[in-house]
Amino acid sequence: MSMVNGFTAEDFARLPAAEQALIARRARVLGPAYRLFYEKPLHFVRGEGVWLYDAAGAAYLDAYNNVASLGHGQPRVVAAIARQLASLNTHTRYLHEGIIAYAEQLLARLNAGHGALDHVMFTCTGSEANDLALRIARAVTGGTGIIVTANAYHGVTASVAEFSPSLGAGVPLGAHVRCVPAPDGGPDCGARFAADIAAAIADLAAHGMRPAMLIVDTIFSSDGVIAAPKGFLAPGVAAIRRAGGVFVADEVQPGFGRTGEAMWGFDRHALSPDMVTMGKPMGNGYPMAGVAVRAELVAEFGAKARYFNTFGGNPVAAAAGQAVLDVLGEEGLMANALAVGAYLRESLAAWAQGRGDIGAIRGMGLFVGVDVVDGTGAPDAAAAARIVNGLRERRVLISASGPHGAVLKIRPPLVFTRAHVDIFMAALADSVAAT
Ligand SMILES: Cc1ncc(COP(=O)(O)O)c(C=O)c1O
């Protein structure tokens, strides 16, 4: 199955012999399911702040990675992990001050806006978090049905891949899964989204199923980055609750301040989710993730099911997560994401003015989607791929997303500055002019 911005067999033939050899070795040991980015894959040996360095010492501007959200090799996070790993690393079956203090602070941040969440349970990956959210949703609702958006991605476990339509036709959706179109960002898209959810619930009922959950990536990353209009998610959430299901906000992408105006994507919609799943930037590279949940939802599940995750929520994870919260707050990175993100969108809009090949520019904070279109205004995936690869040649990293792969996905670390935006824009203009 092909992937947006994925390296292909045709690309292989064009590479120098040394790179072909490394790729062949990789394929031999990792097997056929892995993909590489770019027509000419990249091979980095070091990262610092917004920069990634290859073996020859060439610096690439990273405008794409949202795991190293505070910057690659963030010194305070690295020091916190190293300190904790050197002194103690056990698991959640021993009492440990660090994990409790971290959970208290995380919940306080989840509830500083519209959240009303009582507990947090720790996992190692976003996929595991969504898998656990599904178990809880099914236990509390008695339903089995799952509603997702048409090009959603929620992860890789057997149950979660079944509700990740962006994995393509080769990964079949579960018989209990219904897809609804992602909101298109138009003025009445909230009402339409709610109507589509109601229709999906009716279809589940026609097949003898009740819904367990509606799960949504609250910035719709793989559906093409949809952040506006504010509040459009609320009617859809009301619809799932009326039918006895719960609403899960997947914050793996927008969470931890990326939108700049709030810590979480759901806050933009003035929503109080039943569960929130999170991951990627949570440990700035240390693998940690989790599910926050309202107490009444998990009471019965907790009484019946024991929960233990060997690595999830261990003392090192707590130290990494705590350092992330500290740096995010003390270095004012949300305010930075808001200001620099606005400058990025303004710069893009000024450049796109009068161009026939660039459509809408969407997003919030440092999560931006740009439609690449052909002469008729239709999505142009080939042109988007040329831009992504052209930027890579100019040592700037982004990728593409959306159902057609024609949306430029720009998602730099939150420490991105206006000077970095200027470097990005110059490379973009040059790359487009050259194709
Ligand atoms: C919205 C969303 N949810 C869940 C996941 C899965 O997270 P992980 O790769 O940590 O399992 C991802 C990963 O890309 C994601 O983008």
# chains A, B, ... in the order shown; residues from 1 in each chain; ligands from 1
>>> residues_near_ligand(ligand="ligand 1", cutoff="6 Å", atoms="only C-alpha atoms and all ligand atoms", output="PyMOL selection string")
chain A and resi 125-127+153-155+217+250+252-253+279-280
>>> write_last_selection(atoms="N, CA and C atoms", output="mmCIF file, in the first residue's frame")
data_model
loop_
_atom_site.group_PDB
_atom_site.id
_atom_site.type_symbol
_atom_site.label_atom_id
_atom_site.label_comp_id
_atom_site.auth_asym_id
_atom_site.auth_seq_id
_atom_site.Cartn_x
_atom_site.Cartn_y
_atom_site.Cartn_z
ATOM 1 N N THR A 125 1.993 4.299 23.833
ATOM 2 C CA THR A 125 1.736 4.819 22.484
ATOM 3 C C THR A 125 0.303 5.343 22.389
ATOM 4 N N GLY A 126 0.104 6.193 21.377
ATOM 5 C CA GLY A 126 -1.239 6.701 21.105
ATOM 6 C C GLY A 126 -2.182 5.578 20.716
ATOM 7 N N SER A 127 -1.677 4.586 20.003
ATOM 8 C CA SER A 127 -2.520 3.446 19.598
ATOM 9 C C SER A 127 -3.059 2.720 20.827
ATOM 10 N N TYR A 153 -6.868 8.638 11.117
ATOM 11 C CA TYR A 153 -5.851 7.684 11.561
ATOM 12 C C TYR A 153 -5.840 7.712 13.087
ATOM 13 N N HIS A 154 -5.994 6.546 13.702
ATOM 14 C CA HIS A 154 -5.965 6.496 15.169
ATOM 15 C C HIS A 154 -4.968 5.485 15.707
ATOM 16 N N GLY A 155 -4.305 4.687 14.829
ATOM 17 C CA GLY A 155 -3.251 3.828 15.346
ATOM 18 C C GLY A 155 -3.219 2.431 14.778
ATOM 19 N N ASP A 217 -9.887 13.146 15.838
ATOM 20 C CA ASP A 217 -8.649 13.936 15.973
ATOM 21 C C ASP A 217 -9.093 15.394 15.870
ATOM 22 N N ASP A 250 -9.225 12.680 20.368
ATOM 23 C CA ASP A 250 -7.865 12.184 20.131
ATOM 24 C C ASP A 250 -6.964 13.411 19.998
ATOM 25 N N VAL A 252 -3.641 13.339 20.160
ATOM 26 C CA VAL A 252 -2.270 12.933 19.834
ATOM 27 C C VAL A 252 -1.594 13.984 18.943
ATOM 28 N N GLN A 253 -2.349 14.588 18.043
ATOM 29 C CA GLN A 253 -1.757 15.594 17.146
ATOM 30 C C GLN A 253 -1.840 17.023 17.696
ATOM 31 N N GLY A 279 -0.528 11.559 23.240
ATOM 32 C CA GLY A 279 0.715 10.817 23.019
ATOM 33 C C GLY A 279 1.774 11.727 22.425
ATOM 34 N N LYS A 280 2.325 11.299 21.301
ATOM 35 C CA LYS A 280 3.428 11.972 20.591
ATOM 36 C C LYS A 280 4.237 13.009 21.380
#
>>> select_by_dssp(residues="stretch 225-410 of chain A", states="alpha helix (DSSP H)", output="ChimeraX atom specification")
/A:234-242,295-304,315-330,333-352,381-393
>>> residues_around(residues="A:Leu70", least_positions_apart="3", cutoff="9 Å", atoms="only C-alpha atoms", output="JSON, numbers by chain")
{"A": [49, 50, 66, 67, 73, 74, 281, 284, 324, 327, 328, 333, 413, 414, 415]}
>>> residues_around(residues="stretch 93-104 of chain A", least_positions_apart="5", cutoff="8 Å", atoms="only C-alpha atoms", output="PyMOL selection string")
chain A and resi 120+313-315+318-319+321-322
>>> closest_residue(among="A:Val421, A:Val78, A:Leu214, A:Val372", to="A:Val396", atoms="only C-alpha atoms")
A:Val421
>>> decode(residues="stretch 84-236 of chain A", atoms="C-alpha atoms", output="PDB file, in the first residue's frame")
ATOM      1  CA  GLN A  84      15.478   9.622  36.695  1.00  0.00           C
ATOM      2  CA  LEU A  85      16.805   6.651  34.714  1.00  0.00           C
ATOM      3  CA  ALA A  86      20.043   6.755  36.712  1.00  0.00           C
ATOM      4  CA  SER A  87      18.246   6.807  40.066  1.00  0.00           C
ATOM      5  CA  LEU A  88      15.148   4.591  39.698  1.00  0.00           C
ATOM      6  CA  ASN A  89      12.920   3.151  37.008  1.00  0.00           C
ATOM      7  CA  THR A  90      10.204   0.770  38.123  1.00  0.00           C
ATOM      8  CA  HIS A  91       6.483   0.785  37.266  1.00  0.00           C
ATOM      9  CA  THR A  92       3.054   1.824  38.525  1.00  0.00           C
ATOM     10  CA  ARG A  93       2.732  -1.035  41.029  1.00  0.00           C
ATOM     11  CA  TYR A  94       5.012   0.758  43.442  1.00  0.00           C
ATOM     12  CA  LEU A  95       4.139   4.070  44.999  1.00  0.00           C
ATOM     13  CA  HIS A  96       6.054   6.900  43.406  1.00  0.00           C
ATOM     14  CA  GLU A  97       5.684  10.597  44.051  1.00  0.00           C
ATOM     15  CA  GLY A  98       6.700  11.609  40.520  1.00  0.00           C
ATOM     16  CA  ILE A  99       3.877   9.899  38.647  1.00  0.00           C
ATOM     17  CA  ILE A 100       1.233  11.134  41.074  1.00  0.00           C
ATOM     18  CA  ALA A 101       2.439  14.732  40.963  1.00  0.00           C
ATOM     19  CA  TYR A 102       2.646  14.570  37.178  1.00  0.00           C
ATOM     20  CA  ALA A 103      -0.871  13.107  36.851  1.00  0.00           C
ATOM     21  CA  GLU A 104      -2.212  15.869  39.118  1.00  0.00           C
ATOM     22  CA  GLN A 105      -0.597  18.545  36.976  1.00  0.00           C
ATOM     23  CA  LEU A 106      -1.672  16.959  33.710  1.00  0.00           C
ATOM     24  CA  LEU A 107      -5.287  16.745  34.900  1.00  0.00           C
ATOM     25  CA  ALA A 108      -5.164  20.369  36.047  1.00  0.00           C
ATOM     26  CA  ARG A 109      -4.091  21.357  32.526  1.00  0.00           C
ATOM     27  CA  LEU A 110      -6.778  19.162  30.956  1.00  0.00           C
ATOM     28  CA  ASN A 111      -9.375  20.898  33.095  1.00  0.00           C
ATOM     29  CA  ALA A 112      -8.065  24.473  32.845  1.00  0.00           C
ATOM     30  CA  GLY A 113     -10.312  25.091  29.834  1.00  0.00           C
ATOM     31  CA  HIS A 114     -13.393  23.029  29.073  1.00  0.00           C
ATOM     32  CA  GLY A 115     -12.254  19.602  30.243  1.00  0.00           C
ATOM     33  CA  ALA A 116     -13.866  17.861  33.215  1.00  0.00           C
ATOM     34  CA  LEU A 117     -11.675  14.775  33.566  1.00  0.00           C
ATOM     35  CA  ASP A 118     -10.955  12.980  36.817  1.00  0.00           C
ATOM     36  CA  HIS A 119      -8.395  10.298  36.104  1.00  0.00           C
ATOM     37  CA  VAL A 120      -5.517   9.611  33.759  1.00  0.00           C
ATOM     38  CA  MET A 121      -4.237   6.156  32.784  1.00  0.00           C
ATOM     39  CA  PHE A 122      -0.815   5.816  31.166  1.00  0.00           C
ATOM     40  CA  THR A 123       0.247   3.893  28.071  1.00  0.00           C
ATOM     41  CA  CYS A 124       3.340   3.973  25.843  1.00  0.00           C
ATOM     42  CA  THR A 125       1.736   4.819  22.484  1.00  0.00           C
ATOM     43  CA  GLY A 126      -1.239   6.701  21.105  1.00  0.00           C
ATOM     44  CA  SER A 127      -2.520   3.446  19.598  1.00  0.00           C
ATOM     45  CA  GLU A 128      -2.624   1.802  23.020  1.00  0.00           C
ATOM     46  CA  ALA A 129      -4.381   4.871  24.425  1.00  0.00           C
ATOM     47  CA  ASN A 130      -7.106   4.645  21.768  1.00  0.00           C
ATOM     48  CA  ASP A 131      -7.373   0.892  22.293  1.00  0.00           C
ATOM     49  CA  LEU A 132      -7.907   1.440  26.027  1.00  0.00           C
ATOM     50  CA  ALA A 133     -10.434   4.228  25.344  1.00  0.00           C
ATOM     51  CA  LEU A 134     -12.386   1.779  23.180  1.00  0.00           C
ATOM     52  CA  ARG A 135     -12.433  -0.853  25.940  1.00  0.00           C
ATOM     53  CA  ILE A 136     -13.704   1.720  28.431  1.00  0.00           C
ATOM     54  CA  ALA A 137     -16.297   3.089  25.984  1.00  0.00           C
ATOM     55  CA  ARG A 138     -17.634  -0.377  25.271  1.00  0.00           C
ATOM     56  CA  ALA A 139     -17.760  -1.298  28.948  1.00  0.00           C
ATOM     57  CA  VAL A 140     -19.683   1.813  29.963  1.00  0.00           C
ATOM     58  CA  THR A 141     -22.083   2.064  27.005  1.00  0.00           C
ATOM     59  CA  GLY A 142     -22.711  -1.595  26.266  1.00  0.00           C
ATOM     60  CA  GLY A 143     -22.472  -0.583  22.605  1.00  0.00           C
ATOM     61  CA  THR A 144     -19.920  -1.769  20.071  1.00  0.00           C
ATOM     62  CA  GLY A 145     -20.175   0.762  17.206  1.00  0.00           C
ATOM     63  CA  ILE A 146     -17.434   3.290  16.435  1.00  0.00           C
ATOM     64  CA  ILE A 147     -17.799   6.446  14.350  1.00  0.00           C
ATOM     65  CA  VAL A 148     -14.735   8.092  12.788  1.00  0.00           C
ATOM     66  CA  THR A 149     -14.036  10.575  10.008  1.00  0.00           C
ATOM     67  CA  ALA A 150     -13.459   9.346   6.458  1.00  0.00           C
ATOM     68  CA  ASN A 151      -9.661   9.632   6.376  1.00  0.00           C
ATOM     69  CA  ALA A 152      -8.963   9.294  10.095  1.00  0.00           C
ATOM     70  CA  TYR A 153      -5.851   7.684  11.561  1.00  0.00           C
ATOM     71  CA  HIS A 154      -5.965   6.496  15.169  1.00  0.00           C
ATOM     72  CA  GLY A 155      -3.251   3.828  15.346  1.00  0.00           C
ATOM     73  CA  VAL A 156      -1.986   0.319  14.778  1.00  0.00           C
ATOM     74  CA  THR A 157      -3.394  -2.219  17.251  1.00  0.00           C
ATOM     75  CA  ALA A 158      -5.821  -4.758  15.770  1.00  0.00           C
ATOM     76  CA  SER A 159      -8.850  -2.961  17.200  1.00  0.00           C
ATOM     77  CA  VAL A 160      -7.602   0.557  16.350  1.00  0.00           C
ATOM     78  CA  ALA A 161      -6.455  -0.226  12.787  1.00  0.00           C
ATOM     79  CA  GLU A 162     -10.063  -1.341  12.246  1.00  0.00           C
ATOM     80  CA  PHE A 163     -11.145   2.282  12.781  1.00  0.00           C
ATOM     81  CA  SER A 164      -8.280   3.977  10.908  1.00  0.00           C
ATOM     82  CA  PRO A 165      -9.597   4.348   7.337  1.00  0.00           C
ATOM     83  CA  SER A 166      -6.511   6.286   6.175  1.00  0.00           C
ATOM     84  CA  LEU A 167      -4.596   2.974   6.275  1.00  0.00           C
ATOM     85  CA  GLY A 168      -6.366   2.196   2.999  1.00  0.00           C
ATOM     86  CA  ALA A 169      -8.434  -0.589   1.504  1.00  0.00           C
ATOM     87  CA  GLY A 170      -5.810  -3.207   2.381  1.00  0.00           C
ATOM     88  CA  VAL A 171      -6.660  -2.759   6.073  1.00  0.00           C
ATOM     89  CA  PRO A 172     -10.418  -3.439   6.237  1.00  0.00           C
ATOM     90  CA  LEU A 173     -12.594  -1.451   8.611  1.00  0.00           C
ATOM     91  CA  GLY A 174     -14.470  -3.397  11.270  1.00  0.00           C
ATOM     92  CA  ALA A 175     -18.099  -4.317  10.603  1.00  0.00           C
ATOM     93  CA  HIS A 176     -18.909  -2.140  13.645  1.00  0.00           C
ATOM     94  CA  VAL A 177     -17.175   0.968  12.194  1.00  0.00           C
ATOM     95  CA  ARG A 178     -18.910   3.802  10.332  1.00  0.00           C
ATOM     96  CA  CYS A 179     -17.102   6.657   8.576  1.00  0.00           C
ATOM     97  CA  VAL A 180     -18.532  10.149   8.246  1.00  0.00           C
ATOM     98  CA  PRO A 181     -17.128  12.926   6.031  1.00  0.00           C
ATOM     99  CA  ALA A 182     -14.782  15.236   7.900  1.00  0.00           C
ATOM    100  CA  PRO A 183     -16.305  18.700   8.393  1.00  0.00           C
ATOM    101  CA  ASP A 184     -15.369  20.879   5.401  1.00  0.00           C
ATOM    102  CA  GLY A 185     -14.880  24.046   7.440  1.00  0.00           C
ATOM    103  CA  GLY A 186     -17.892  25.789   5.859  1.00  0.00           C
ATOM    104  CA  PRO A 187     -20.283  27.854   8.004  1.00  0.00           C
ATOM    105  CA  ASP A 188     -22.843  25.038   8.452  1.00  0.00           C
ATOM    106  CA  CYS A 189     -20.348  22.165   8.694  1.00  0.00           C
ATOM    107  CA  GLY A 190     -21.160  21.498  12.366  1.00  0.00           C
ATOM    108  CA  ALA A 191     -24.824  20.803  11.601  1.00  0.00           C
ATOM    109  CA  ARG A 192     -23.882  18.647   8.617  1.00  0.00           C
ATOM    110  CA  PHE A 193     -21.365  16.718  10.713  1.00  0.00           C
ATOM    111  CA  ALA A 194     -24.069  16.051  13.337  1.00  0.00           C
ATOM    112  CA  ALA A 195     -26.505  14.896  10.627  1.00  0.00           C
ATOM    113  CA  ASP A 196     -23.876  12.527   9.201  1.00  0.00           C
ATOM    114  CA  ILE A 197     -23.249  11.119  12.683  1.00  0.00           C
ATOM    115  CA  ALA A 198     -26.994  10.642  13.211  1.00  0.00           C
ATOM    116  CA  ALA A 199     -27.157   8.771   9.883  1.00  0.00           C
ATOM    117  CA  ALA A 200     -24.210   6.569  10.924  1.00  0.00           C
ATOM    118  CA  ILE A 201     -25.943   5.792  14.235  1.00  0.00           C
ATOM    119  CA  ALA A 202     -29.122   4.884  12.338  1.00  0.00           C
ATOM    120  CA  ASP A 203     -27.133   2.593  10.042  1.00  0.00           C
ATOM    121  CA  LEU A 204     -25.511   0.886  13.038  1.00  0.00           C
ATOM    122  CA  ALA A 205     -29.006   0.380  14.491  1.00  0.00           C
ATOM    123  CA  ALA A 206     -30.204  -1.069  11.181  1.00  0.00           C
ATOM    124  CA  HIS A 207     -27.434  -3.643  11.572  1.00  0.00           C
ATOM    125  CA  GLY A 208     -28.352  -4.399  15.187  1.00  0.00           C
ATOM    126  CA  MET A 209     -25.585  -2.329  16.808  1.00  0.00           C
ATOM    127  CA  ARG A 210     -25.475   0.506  19.313  1.00  0.00           C
ATOM    128  CA  PRO A 211     -22.668   3.092  19.253  1.00  0.00           C
ATOM    129  CA  ALA A 212     -19.871   2.979  21.815  1.00  0.00           C
ATOM    130  CA  MET A 213     -17.941   6.056  20.726  1.00  0.00           C
ATOM    131  CA  LEU A 214     -17.327   8.875  18.325  1.00  0.00           C
ATOM    132  CA  ILE A 215     -13.553   9.425  18.160  1.00  0.00           C
ATOM    133  CA  VAL A 216     -12.127  12.474  16.438  1.00  0.00           C
ATOM    134  CA  ASP A 217      -8.649  13.936  15.973  1.00  0.00           C
ATOM    135  CA  THR A 218      -9.623  17.452  16.988  1.00  0.00           C
ATOM    136  CA  ILE A 219      -7.432  19.091  14.321  1.00  0.00           C
ATOM    137  CA  PHE A 220      -8.302  16.498  11.633  1.00  0.00           C
ATOM    138  CA  SER A 221      -4.637  16.037  10.648  1.00  0.00           C
ATOM    139  CA  SER A 222      -5.056  13.177   8.196  1.00  0.00           C
ATOM    140  CA  ASP A 223      -8.344  14.588   6.877  1.00  0.00           C
ATOM    141  CA  GLY A 224      -6.440  17.689   5.710  1.00  0.00           C
ATOM    142  CA  VAL A 225      -6.132  19.966   8.823  1.00  0.00           C
ATOM    143  CA  ILE A 226      -9.484  21.522   9.757  1.00  0.00           C
ATOM    144  CA  ALA A 227      -9.526  23.957  12.672  1.00  0.00           C
ATOM    145  CA  ALA A 228     -12.338  26.366  11.863  1.00  0.00           C
ATOM    146  CA  PRO A 229     -15.019  27.472  12.438  1.00  0.00           C
ATOM    147  CA  LYS A 230     -14.621  27.322  16.214  1.00  0.00           C
ATOM    148  CA  GLY A 231     -17.165  25.090  17.897  1.00  0.00           C
ATOM    149  CA  PHE A 232     -18.161  23.019  14.851  1.00  0.00           C
ATOM    150  CA  LEU A 233     -17.653  19.759  16.750  1.00  0.00           C
ATOM    151  CA  ALA A 234     -20.269  20.442  19.423  1.00  0.00           C
ATOM    152  CA  PRO A 235     -23.440  19.339  17.537  1.00  0.00           C
ATOM    153  CA  GLY A 236     -21.787  16.040  16.528  1.00  0.00           C
TER     154      GLY A 236
END
